[in-house]
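Student: Here you go, upload22.csv (CSV, C-alpha atoms and all ligand atoms):
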```
chain,number,residue,atom,x,y,z
A,1,MET,CA,121.8,340.9,-88.9
A,2,TYR,CA,123.4,337.5,-88.7
A,3,GLY,CA,121.1,334.7,-87.4
A,4,VAL,CA,121.8,331.0,-87.0
A,5,SER,CA,121.3,330.3,-90.7
A,6,LEU,CA,124.2,332.6,-91.6
A,7,LEU,CA,126.5,331.6,-88.8
A,8,GLN,CA,128.9,328.7,-88.7
A,9,PRO,CA,127.6,325.9,-86.5
A,10,GLN,CA,131.0,325.2,-85.1
A,11,LEU,CA,134.0,327.5,-84.6
A,12,GLU,CA,137.6,326.5,-84.1
A,13,HIS,CA,140.0,329.3,-83.3
A,14,PRO,CA,143.7,329.4,-83.9
A,15,PRO,CA,145.8,330.3,-80.8
A,16,ASP,CA,145.3,334.0,-79.7
A,17,ARG,CA,142.9,334.7,-82.6
A,18,ALA,CA,139.1,334.7,-83.1
A,19,VAL,CA,137.5,333.6,-86.3
A,20,CYS,CA,134.7,335.4,-88.0
A,21,PRO,CA,131.5,333.4,-87.2
A,22,VAL,CA,129.8,334.2,-90.6
A,23,ARG,CA,129.5,331.1,-92.8
A,24,GLY,CA,132.1,331.0,-95.5
A,25,CYS,CA,134.3,333.7,-94.0
A,26,GLY,CA,137.9,332.9,-93.2
A,27,VAL,CA,138.8,336.1,-91.6
A,28,SER,CA,140.3,336.0,-88.1
A,29,ALA,CA,141.5,338.8,-85.7
A,30,PRO,CA,143.7,339.0,-82.6
A,31,TRP,CA,141.9,337.8,-79.5
A,32,GLU,CA,142.3,338.1,-75.8
A,33,PRO,CA,140.0,337.2,-72.9
A,34,GLY,CA,137.6,339.9,-71.8
A,35,PRO,CA,134.5,341.8,-73.1
A,36,VAL,CA,133.6,341.7,-76.8
A,37,PRO,CA,135.7,344.5,-78.4
A,38,SER,CA,134.0,347.6,-79.8
A,39,ALA,CA,137.0,349.3,-81.5
A,40,GLY,CA,140.5,348.6,-82.9
A,41,ASP,CA,141.6,346.0,-85.3
A,42,ARG,CA,139.6,343.1,-83.9
A,43,ARG,CA,137.0,343.1,-86.6
A,44,CYS,CA,136.0,341.4,-89.8
A,45,PRO,CA,136.0,344.1,-92.4
A,46,LEU,CA,133.8,342.1,-94.8
A,47,HIS,CA,131.0,341.6,-92.3
A,48,ARG,CA,131.5,344.7,-90.2
A,49,ILE,CA,131.5,343.0,-86.8
A,50,PHE,CA,134.0,342.9,-84.0
A,51,LEU,CA,135.1,339.4,-83.2
A,52,SER,CA,135.3,337.5,-79.9
A,53,ARG,CA,135.2,333.7,-79.4
A,54,THR,CA,131.7,333.5,-77.9
A,55,SER,CA,129.8,336.4,-79.4
A,56,PHE,CA,130.3,339.4,-81.7
A,57,ARG,CA,129.4,343.1,-81.8
A,58,TYR,CA,128.1,345.0,-84.8
A,59,GLU,CA,130.0,347.9,-86.0
A,60,ARG,CA,126.7,349.7,-86.7
A,61,GLU,CA,124.2,349.3,-83.9
A,62,THR,CA,121.3,349.6,-86.3
A,63,ASP,CA,122.5,346.2,-87.8
A,64,ASN,CA,121.2,344.6,-84.6
A,65,LEU,CA,117.8,346.4,-84.6
A,66,LEU,CA,114.7,345.5,-86.5
A,67,TRP,CA,113.0,348.9,-86.3
A,68,THR,CA,115.1,351.7,-87.5
A,69,GLY,CA,112.7,354.2,-89.1
A,70,ARG,CA,113.2,357.8,-88.0
A,71,PRO,CA,110.4,357.8,-85.3
A,72,ASP,CA,111.7,354.5,-83.9
A,73,LEU,CA,115.3,355.7,-83.6
A,74,ALA,CA,114.2,359.0,-82.2
A,75,LEU,CA,112.2,357.2,-79.5
A,76,LEU,CA,115.1,354.8,-78.8
A,77,GLY,CA,117.6,357.6,-78.6
A,78,ALA,CA,115.5,359.6,-76.2
A,79,ALA,CA,114.9,356.5,-74.0
A,80,ARG,CA,118.6,355.7,-73.7
A,81,LYS,CA,119.7,359.3,-73.1
A,82,GLY,CA,121.7,359.3,-69.9
A,83,THR,CA,121.0,355.7,-69.0
A,84,GLY,CA,124.4,354.4,-70.0
A,85,GLU,CA,122.8,351.6,-72.0
A,86,ARG,CA,125.2,351.2,-74.8
A,87,SER,CA,125.2,347.5,-75.4
A,88,PHE,CA,122.7,347.3,-78.2
A,89,ALA,CA,125.3,346.5,-80.8
A,90,LEU,CA,126.3,343.3,-79.1
A,91,ASP,CA,124.7,340.2,-80.7
A,92,SER,CA,123.6,338.9,-77.3
A,93,SER,CA,122.3,342.2,-76.0
A,94,PRO,CA,119.1,341.7,-74.0
A,95,GLY,CA,118.3,345.4,-74.6
A,96,ALA,CA,118.3,344.9,-78.4
A,97,VAL,CA,116.0,341.8,-78.1
A,98,THR,CA,113.7,343.8,-75.8
A,99,TRP,CA,113.5,346.7,-78.1
A,100,ASN,CA,113.0,344.6,-81.2
A,101,VAL,CA,110.1,342.6,-79.6
A,102,PHE,CA,108.3,345.2,-77.5
A,103,ARG,CA,108.5,348.0,-80.0
A,104,TRP,CA,106.9,345.7,-82.5
A,105,LEU,CA,104.1,344.8,-80.1
A,106,GLU,CA,103.6,348.4,-79.2
A,107,ALA,CA,103.7,349.8,-82.7
A,108,THR,CA,101.3,347.2,-84.2
A,109,GLY,CA,98.7,347.2,-81.4
A,110,GLY,CA,99.7,343.7,-80.4
A,111,LEU,CA,100.6,344.5,-76.9
A,112,ALA,CA,97.2,344.6,-75.3
A,113,PRO,CA,95.9,341.3,-76.7
A,114,LEU,CA,99.2,339.5,-75.8
A,115,LEU,CA,99.2,341.0,-72.3
A,116,GLU,CA,95.6,339.7,-71.8
A,117,GLU,CA,97.0,336.2,-72.5
A,118,TRP,CA,99.9,336.7,-70.1
A,119,LEU,CA,97.9,338.2,-67.3
A,120,GLY,CA,94.8,336.2,-67.8
A,121,GLU,CA,92.5,339.3,-67.6
A,122,THR,CA,91.2,342.1,-69.7
A,123,VAL,CA,93.7,344.8,-70.6
A,124,LEU,CA,92.5,348.2,-71.7
A,125,GLU,CA,94.7,351.0,-73.0
A,126,THR,CA,98.4,350.5,-72.9
A,127,ALA,CA,101.1,353.1,-72.7
A,128,VAL,CA,104.7,352.0,-72.8
A,129,ALA,CA,108.0,353.5,-71.6
A,130,TYR,CA,111.4,352.1,-72.6
A,131,TRP,CA,114.1,352.8,-70.1
A,132,GLY,CA,112.0,355.5,-68.5
A,133,TYR,CA,110.8,357.2,-71.6
A,134,GLY,CA,107.6,356.8,-73.6
A,135,SER,CA,106.0,358.1,-76.7
A,136,ARG,CA,103.0,358.9,-74.6
A,137,ASN,CA,103.1,360.5,-71.2
A,138,LEU,CA,102.9,357.9,-68.5
A,139,GLU,CA,101.4,359.1,-65.2
A,140,LEU,CA,103.4,356.5,-63.6
A,141,LEU,CA,106.8,357.9,-64.4
A,142,PRO,CA,106.8,360.7,-61.7
A,143,HIS,CA,105.8,358.0,-59.2
A,144,LEU,CA,108.8,356.0,-60.2
A,145,ARG,CA,111.0,359.0,-59.7
A,146,ARG,CA,109.5,359.6,-56.2
A,147,THR,CA,110.1,355.9,-55.5
A,148,ARG,CA,113.8,356.2,-56.5
A,149,ILE,CA,114.2,359.1,-54.1
A,150,ALA,CA,112.3,357.4,-51.3
A,151,PHE,CA,114.7,354.4,-51.6
A,152,ALA,CA,117.8,356.5,-52.2
A,153,GLU,CA,118.4,354.7,-55.4
A,154,PRO,CA,120.9,356.2,-57.7
A,155,GLU,CA,119.7,357.3,-61.1
A,156,SER,CA,121.1,354.7,-63.5
A,157,ASP,CA,120.0,352.4,-66.2
A,158,GLU,CA,119.1,349.9,-63.6
A,159,THR,CA,116.6,352.1,-61.8
A,160,ARG,CA,115.0,352.9,-65.2
A,161,PHE,CA,113.2,349.6,-65.9
A,162,PRO,CA,113.7,348.4,-69.5
A,163,VAL,CA,110.0,348.3,-70.2
A,164,CYS,CA,107.1,349.7,-68.2
A,165,ILE,CA,103.6,349.3,-69.3
A,166,GLU,CA,100.7,351.2,-67.8
A,167,THR,CA,97.2,349.9,-68.4
A,168,SER,CA,93.9,351.2,-67.0
A,169,GLY,CA,94.4,348.9,-64.0
A,170,HIS,CA,98.0,347.7,-63.9
A,171,PHE,CA,101.5,348.8,-63.8
A,172,VAL,CA,103.5,346.0,-65.5
A,173,ALA,CA,107.3,346.1,-65.2
A,174,VAL,CA,108.9,343.8,-67.7
A,175,VAL,CA,112.1,342.0,-66.7
A,176,PRO,CA,113.6,340.7,-69.9
A,177,ARG,CA,116.1,338.0,-69.5
A,178,LEU,CA,117.9,335.7,-72.0
A,179,GLY,CA,119.2,333.2,-69.4
A,180,PRO,CA,118.1,331.4,-66.3
A,181,ILE,CA,118.0,332.5,-62.7
A,182,ARG,CA,120.4,330.1,-61.1
A,183,PRO,CA,122.7,329.8,-58.1
A,184,GLY,CA,126.1,331.4,-58.8
A,185,ASP,CA,127.5,334.9,-59.0
A,186,GLU,CA,126.4,337.7,-61.3
A,187,GLU,CA,128.3,338.2,-64.5
A,188,SER,CA,131.6,339.9,-63.7
A,189,GLY,CA,131.4,343.7,-63.8
A,190,ARG,CA,127.8,343.8,-62.7
A,191,LYS,CA,127.3,345.2,-59.2
A,192,ARG,CA,124.7,343.2,-57.2
A,193,TRP,CA,121.8,345.2,-56.0
A,194,GLU,CA,121.1,345.7,-52.4
A,195,PRO,CA,118.7,348.3,-50.9
A,196,GLU,CA,120.4,351.7,-50.2
A,197,ARG,CA,118.0,352.4,-47.4
A,198,GLU,CA,116.2,350.1,-45.0
A,199,SER,CA,112.4,350.4,-45.2
A,200,ASP,CA,109.3,348.7,-43.9
A,201,TRP,CA,108.3,348.2,-47.5
A,202,LEU,CA,111.0,345.5,-47.8
A,203,GLY,CA,109.2,343.4,-45.1
A,204,ASP,CA,105.8,344.1,-46.7
A,205,VAL,CA,106.7,342.7,-50.1
A,206,LEU,CA,109.5,340.2,-49.4
A,207,MET,CA,109.7,337.1,-47.3
A,208,PRO,CA,112.1,337.2,-44.3
A,209,HIS,CA,114.8,335.1,-46.1
A,210,TRP,CA,115.0,337.4,-49.1
A,211,ARG,CA,118.7,338.4,-48.6
A,212,GLU,CA,119.6,334.8,-49.4
A,213,LEU,CA,118.1,335.2,-52.8
A,214,LEU,CA,120.6,337.9,-53.7
A,215,ASP,CA,123.2,335.2,-54.2
A,216,MET,CA,121.4,333.9,-57.3
A,217,ARG,CA,122.3,335.2,-60.7
A,218,LEU,CA,119.8,337.7,-62.0
A,219,ALA,CA,117.7,337.4,-58.8
A,220,ALA,CA,118.9,340.7,-57.3
A,221,ALA,CA,117.8,342.6,-60.5
A,222,LEU,CA,114.4,341.0,-60.2
A,223,LEU,CA,114.1,341.8,-56.5
A,224,ARG,CA,114.9,345.4,-57.2
A,225,VAL,CA,112.1,345.7,-59.8
A,226,TRP,CA,109.7,343.9,-57.4
A,227,VAL,CA,110.4,346.3,-54.5
A,228,LEU,CA,110.6,349.6,-56.4
A,229,GLY,CA,107.9,348.7,-58.9
A,230,SER,CA,105.3,347.6,-56.3
A,231,TYR,CA,105.9,350.8,-54.3
A,232,ALA,CA,105.5,353.0,-57.4
A,233,ALA,CA,102.3,351.1,-58.4
A,234,LYS,CA,100.9,351.7,-54.9
A,235,LEU,CA,101.6,355.4,-55.2
A,236,ARG,CA,99.9,355.4,-58.6
A,237,GLY,CA,96.9,353.4,-57.3
A,238,LEU,CA,97.5,350.5,-59.8
A,239,ALA,CA,97.9,346.8,-59.3
A,240,PHE,CA,101.6,345.8,-59.8
A,241,VAL,CA,102.7,342.9,-62.1
A,242,LEU,CA,106.3,341.9,-62.5
A,243,LEU,CA,106.4,340.2,-65.9
A,244,ASP,CA,109.4,337.9,-66.0
A,245,ILE,CA,110.0,337.0,-69.6
A,246,SER,CA,112.7,334.4,-70.5
A,247,PRO,CA,113.5,331.9,-73.1
A,248,ARG,CA,111.5,328.6,-72.7
A,249,TRP,CA,114.7,326.7,-71.9
A,250,ALA,CA,115.6,329.0,-69.1
A,251,ASN,CA,112.3,328.6,-67.1
A,252,ARG,CA,113.6,326.0,-64.8
A,253,ALA,CA,116.8,326.3,-62.7
A,254,ALA,CA,116.3,328.4,-59.5
A,255,GLY,CA,113.2,330.2,-60.5
A,256,GLU,CA,111.0,328.5,-57.9
A,257,SER,CA,113.2,329.5,-55.0
A,258,PHE,CA,113.2,333.0,-56.3
A,259,GLU,CA,109.4,333.1,-56.4
A,260,GLY,CA,109.3,331.8,-52.8
A,261,GLY,CA,110.9,335.0,-51.7
A,262,LEU,CA,108.2,337.3,-52.9
A,263,ARG,CA,105.1,338.2,-50.9
A,264,ILE,CA,102.4,338.0,-53.5
A,265,GLY,CA,99.4,340.1,-52.6
A,266,GLU,CA,96.0,341.1,-54.0
A,267,ASP,CA,97.6,344.1,-55.7
A,268,ARG,CA,101.0,342.7,-56.6
A,269,ARG,CA,101.9,339.5,-58.4
A,270,LEU,CA,104.5,337.8,-60.6
A,271,ALA,CA,103.5,336.8,-64.1
A,272,LYS,CA,105.8,334.6,-66.2
A,273,ALA,CA,106.1,334.6,-70.0
A,274,ASN,CA,108.4,333.2,-72.7
A,275,TRP,CA,109.8,335.0,-75.7
A,276,GLU,CA,108.5,332.1,-77.7
A,277,ASP,CA,104.9,333.2,-76.8
A,278,VAL,CA,105.6,336.2,-79.0
A,279,TYR,CA,106.5,333.9,-81.8
A,280,ASP,CA,103.3,331.9,-81.4
A,281,PHE,CA,101.2,335.1,-81.1
A,282,ALA,CA,102.8,336.6,-84.3
A,283,GLY,CA,102.0,333.3,-86.1
A,284,GLU,CA,98.3,333.6,-85.2
A,285,SER,CA,98.0,337.3,-85.9
A,286,SER,CA,97.7,339.3,-89.1
A,287,LEU,CA,99.7,342.2,-87.7
A,288,PRO,CA,102.2,344.0,-89.9
A,289,ASP,CA,105.7,342.6,-89.8
A,290,ALA,CA,104.6,339.4,-88.0
A,291,ASP,CA,106.8,337.4,-90.3
A,292,ALA,CA,109.8,339.6,-89.5
A,293,ILE,CA,109.4,339.1,-85.8
A,294,ARG,CA,109.0,335.3,-86.3
A,295,ILE,CA,112.1,335.1,-88.4
A,296,TYR,CA,114.0,337.2,-85.9
A,297,LEU,CA,113.1,335.0,-82.9
A,298,ARG,CA,113.7,331.8,-84.8
A,299,GLU,CA,117.1,332.9,-86.1
A,300,LYS,CA,118.4,334.6,-82.9
A,301,SER,CA,121.6,333.1,-81.7
A,302,ALA,CA,122.8,332.9,-78.1
A,303,GLY,CA,126.4,333.0,-79.2
A,304,TYR,CA,128.9,330.1,-78.9
A,305,SER,CA,129.5,327.8,-76.0
A,306,PRO,CA,133.1,327.5,-74.7
A,307,ASP,CA,133.7,324.5,-76.9
A,308,GLY,CA,132.7,326.5,-80.0
A,309,ARG,CA,129.1,325.3,-80.6
A,310,LEU,CA,126.5,327.8,-81.9
A,311,ARG,CA,123.4,328.0,-79.7
A,312,ARG,CA,120.0,329.2,-80.4
A,313,ALA,CA,118.5,331.9,-78.1
A,314,PHE,CA,115.0,330.6,-78.3
A,315,SER,CA,113.2,327.4,-79.2
A,316,PRO,CA,110.0,328.1,-81.1
A,317,GLU,CA,108.1,325.0,-82.3
A,318,VAL,CA,109.3,325.4,-85.9
A,319,ALA,CA,113.0,325.1,-84.8
A,320,ARG,CA,112.4,321.4,-84.0
A,321,THR,CA,111.7,320.6,-87.6
A,322,VAL,CA,114.5,322.7,-89.0
A,323,THR,CA,118.0,321.3,-89.0
A,324,ARG,CA,119.1,321.7,-85.4
A,325,VAL,CA,122.4,323.4,-84.8
A,326,SER,CA,124.1,321.2,-82.1
A,401,ZN,ZN,133.6,337.8,-91.8
```
Go ahead and render the structure in this file as structure tokens.
Ligand SMILES: [Zn+2]
Tutor:
Amino acid sequence: MYGVSLLQPQLEHPPDRAVCPVRGCGVSAPWEPGPVPSAGDRRCPLHRIFLSRTSFRYERETDNLLWTGRPDLALLGAARKGTGERSFALDSSPGAVTWNVFRWLEATGGLAPLLEEWLGETVLETAVAYWGYGSRNLELLPHLRRTRIAFAEPESDETRFPVCIETSGHFVAVVPRLGPIRPGDEESGRKRWEPERESDWLGDVLMPHWRELLDMRLAAALLRVWVLGSYAAKLRGLAFVLLDISPRWANRAAGESFEGGLRIGEDRRLAKANWEDVYDFAGESSLPDADAIRIYLREKSAGYSPDGRLRRAFSPEVARTVTRVS
């Protein structure tokens, strides 16, 4: 796994080529605009990554994962079956960050205490599902399937929420994001969500102007989780929490106008968290692999800006005293 300490702080590419971002490597490969390649000759054979100008893709997906023991990979494989989620080898994959962080929290017993901090209330018993699949049976999952049918939602990776947590009193749907909610279109290639079927539920849980929010980047995906998740939680008899987790730097932007579109109720609410909270939590805990998760979050890159500067994905406190990559 190549973190910011191993990556070149500044990249300059020859025309029509992309340079390997690993420090000290002079390899370059043919480049053309478009998605980061996953095959062909556009790779660095020394570092086993496919090259693009702003990010890179590991040849072996496990190189981008922290937890690769047999039970971990079996769980991840089952979770992703049929979801079409194939981007975990991409350095900037939100799926890989989600797996690396939440699997650590689940496997070490850190999830309940951290959720208590995030929700501000006692959390008892947690069961987790990744992309609709859990190592324990969640009562909630059949209700999510019923919800999908009620709203005529197609079965796809977008209707299977990345992380669902069921506690004794809550259904928590985690929306992991690595960038801000902001005005502007979705990334190209992503279809914007709109309800397949009109329903009174939309009026129950959203403010009248909610369609305007769909124009904001990432907002449609959050609205979908809000609408479907709150419905499923009601079927299950649990309070619904949409847990919006983002990097600290991405808190601002259009987040407030998004929140204004949600009808918060006694049994449904929005909770906000930062990936850096996990860093702080790991630092105060004596849980296994706490150092590994801290190094991961501190070292995680967000790829290169258009002018070739390496960016950090997160800004944990410690990063301020380390040489800043700018
Ligand atoms: Zn290289």
Student: Mind giving me the straight-line distance from CA of Thr126 in chain A to CA of Ala239 in chain A in Å, one decimal?
Tutor: 14.1 Å
Student: Taking all atoms listed in the file into account, which of A:Leu76, A:Leu222, A:Leu238, A:Leu287 comes nearest Asp267 in chain A?
Tutor: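 Using all atoms listed in the file, Asp267 in chain A sits closest to A:Leu238.
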Student: Could you list, as a PyMOL selection string, all protein and nucleic acid residues with an atom at most 6 Å from ligand ZN 401 (chain A), counting all atoms listed in the file?
Tutor: chain A and resi 20+22+25+27+44+46-47
Student: With distances taken over all atoms listed in the file, which of A:Asn100, A:Ser135, A:Thr167, A:Ser87 is nearest to Asp289 in chain A?
Tutor: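 Checking each candidate against Asp289 in chain A, we get A:Asn100 as the closest.
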Student: Quick one: residues within 8 Å of Ala220 in chain A, all atoms listed in the file counted, chain neighbours fewer than 4 positions away excluded, as a list of chain:residue names?
Tutor: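 With the cut-off at 8 Å, the set is A:Arg192, A:Trp193, A:Glu194, A:Leu213, A:Leu214, A:Asp215, A:Met216, A:Arg224.
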Student: Which one of A:Thr108, A:Ser92, A:Thr122, A:Asn137 sits closest to Arg177 in chain A if you count all atoms listed in the file?
Tutor: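 Of all the options, A:Ser92 lies closest to Arg177 in chain A.
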Student: Could you tell me how far CA of Trp275 in chain A sits from CA of Val174 in chain A, in Å to one decimal place?
Tutor: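 Pair CA of Val174 in chain A / CA of Trp275 in chain A returns 11.9 Å.
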Student: Report as a CSV table (one decimal) with C-alpha atoms, in the frame of the given file all protein, DNA and RNA residues lying within 8 Å of Trp201 in chain A, evaluated on only C-alpha atoms, omitting residues in the same chain fewer than 2 positions from it.
Tutor:
```csv
chain,number,residue,atom,x,y,z
A,199,SER,CA,112.4,350.4,-45.2
A,203,GLY,CA,109.2,343.4,-45.1
A,204,ASP,CA,105.8,344.1,-46.7
A,205,VAL,CA,106.7,342.7,-50.1
A,227,VAL,CA,110.4,346.3,-54.5
A,231,TYR,CA,105.9,350.8,-54.3
```
